[in-house]
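Data block below; observations after.
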Amino acid sequence: MISKLFFILLGSAIALHHISPAQLSRESQKGVLCWDFNFDTKGKAAAGATVFHLHTPKVAGCSVVEDLSAMVGRDHIFTHEACFAASMDANGSSYFKDRVTMVRRPRDHVFSMYEFCDQATDPLYRMIAGSEQKLEGQANYKLPDTFGKWIDEWHKTPRFGDYDIYEDDEACYCPYNMQAARLACLTTNGPARECHETVDLDRALKSLDETTMLGVTEAYHESMCLFHGHLLGSLPDDCNCESPAWATYHETKDTHGEHYNQTIDDMPPDVIQKVDDMTKSDKVIYKAAVQRFIKDVEAMEQRFKVKILCSAQREMLHQKAGSA
């Protein structure tokens with residue numbers, strides 16, 4: 001346990017954004033680190049942080065932190081793989097002016113979880129999983145060699161409990177309703193660890209409704225425009241989807257080094273069905289989030305008299321939500 005804590009505290013600073021130790025002081029000043037080292041939401045809010053970012057793994061979290069940092073400064077953001085409950089006191093009052101999260105189509109989300117663990121290209125992941133001998137070729141490596149086998153294993157013999165990715169037998173994520181679970185879980189003094197078959201969906205939807213900024217991974221550009229308008233009261237030129245300036249936008253993409261040769265849509269129907277069985281609550285969350293997101297964007301468009309979400313993107317989101 002001591003060695004794992006050492007790796008988390010030291011390794012995260014060095015590896016979260018694939019930077020060398022020599023670059024660390026310069027890069028951290030630019031506000032690129034994905035997580036706060038000190039899990040003290042109340043304390044960070046008291047110190048001046050105004051934004052709580054619910055960092056759900058594999059939902060563009062590191063990219064969002066980088067972009068939010070460019071808007072308000074990294075010191076004004078608390079971010080961690082936490083429960084939404086960590087953003088508030090025992091009476092339900094938020095410590096922060098704004099609370100933000102992203103959502104992702106559940107099928108794609110689960111596929112991305114496996115690819116992260118299977119490819120194992122992220123330096124921090126390699127550091128910690130390697131210390132547990134859970135990388136390919138090591139003594140404790142158990143991850144199935146295909147996505148379909150991994151899903152079949154979880155579907156037949158799920159490993160429910162409270163633990164983190166490195167405590168999992170296969171050093172991988174829990175594919176059961178992670179997005180809904182992070183919105184519903186009640187841990188306030190440390191990272192979220194819940195992996196259970198069912199989720200308090202009412203609480204998850206309530207938390208979703210309480211976010212002041214909600215983005216969709218599949219509409220990342222539009223999401224950052226929405227956040228920019230909310231936080232800074234203005235929109236960059238590249239937030240007009242009817243303008244040539246739209247194409248000049250450079251999307252922040254922290255992929256942790258993974259490169260996909262397939263997508264979830266390339267998987268056999270029975271595998272996709274099993275993923276759907278394991279993400280029923282996440283599908284509800286995603287559909288509700290897409291509906292809310294479109295309304296939020298429409299309100300921002302009215303405010304600035306600019307078109308942010310063009311028809312093709314809008315249709316894409318409706319299709320994604322319909323096949324979540």
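Going by the structure tokens order, chains are called A, B, ..., each with residues numbered from 1, while ligands are numbered from 1 in the order shown.
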Within 9 Å of stretch 184-190 of chain A using only C-alpha atoms, minus same-chain residues under 4 positions, as a count of residues only
25
Hey, could you make a per-residue contact list for stretch 175-219 of chain A against stretch 223-242 of chain A with 8 Å as the cut-off, showing the nearest pair of atoms and its distance in Å to one decimal, counting only C-alpha atoms, sorted by chain and number, as JSON lines?
```
{"residue": "A:Met213", "atom": "CA", "partner": "A:Phe227", "partner_atom": "CA", "distance": 6.5}
{"residue": "A:Leu214", "atom": "CA", "partner": "A:Ser223", "partner_atom": "CA", "distance": 7.5}
{"residue": "A:Gly215", "atom": "CA", "partner": "A:Ser223", "partner_atom": "CA", "distance": 4.8}
{"residue": "A:Val216", "atom": "CA", "partner": "A:Ser223", "partner_atom": "CA", "distance": 6.3}
{"residue": "A:Thr217", "atom": "CA", "partner": "A:Ser223", "partner_atom": "CA", "distance": 7.8}
{"residue": "A:Ala219", "atom": "CA", "partner": "A:Ser223", "partner_atom": "CA", "distance": 6.1}
```
What's around A:Cys172 at 6 Å? Count only C-alpha atoms, leave out sequence neighbours fewer than 2 positions away in its own chain, and write the answer as an mmCIF file with N, CA and C atoms, in the first residue's frame.
```cif
data_model
loop_
_atom_site.group_PDB
_atom_site.id
_atom_site.type_symbol
_atom_site.label_atom_id
_atom_site.label_comp_id
_atom_site.auth_asym_id
_atom_site.auth_seq_id
_atom_site.Cartn_x
_atom_site.Cartn_y
_atom_site.Cartn_z
ATOM 1 N N CYS A 117 -6.653 -0.444 -20.759
ATOM 2 C CA CYS A 117 -5.965 -1.477 -19.983
ATOM 3 C C CYS A 117 -5.195 -2.435 -20.879
ATOM 4 N N ILE A 165 -8.956 0.650 -9.743
ATOM 5 C CA ILE A 165 -8.522 -0.072 -10.929
ATOM 6 C C ILE A 165 -7.324 -0.975 -10.648
ATOM 7 N N GLU A 170 -7.565 -7.806 -12.661
ATOM 8 C CA GLU A 170 -7.018 -7.616 -14.007
ATOM 9 C C GLU A 170 -6.483 -6.201 -14.231
#
```
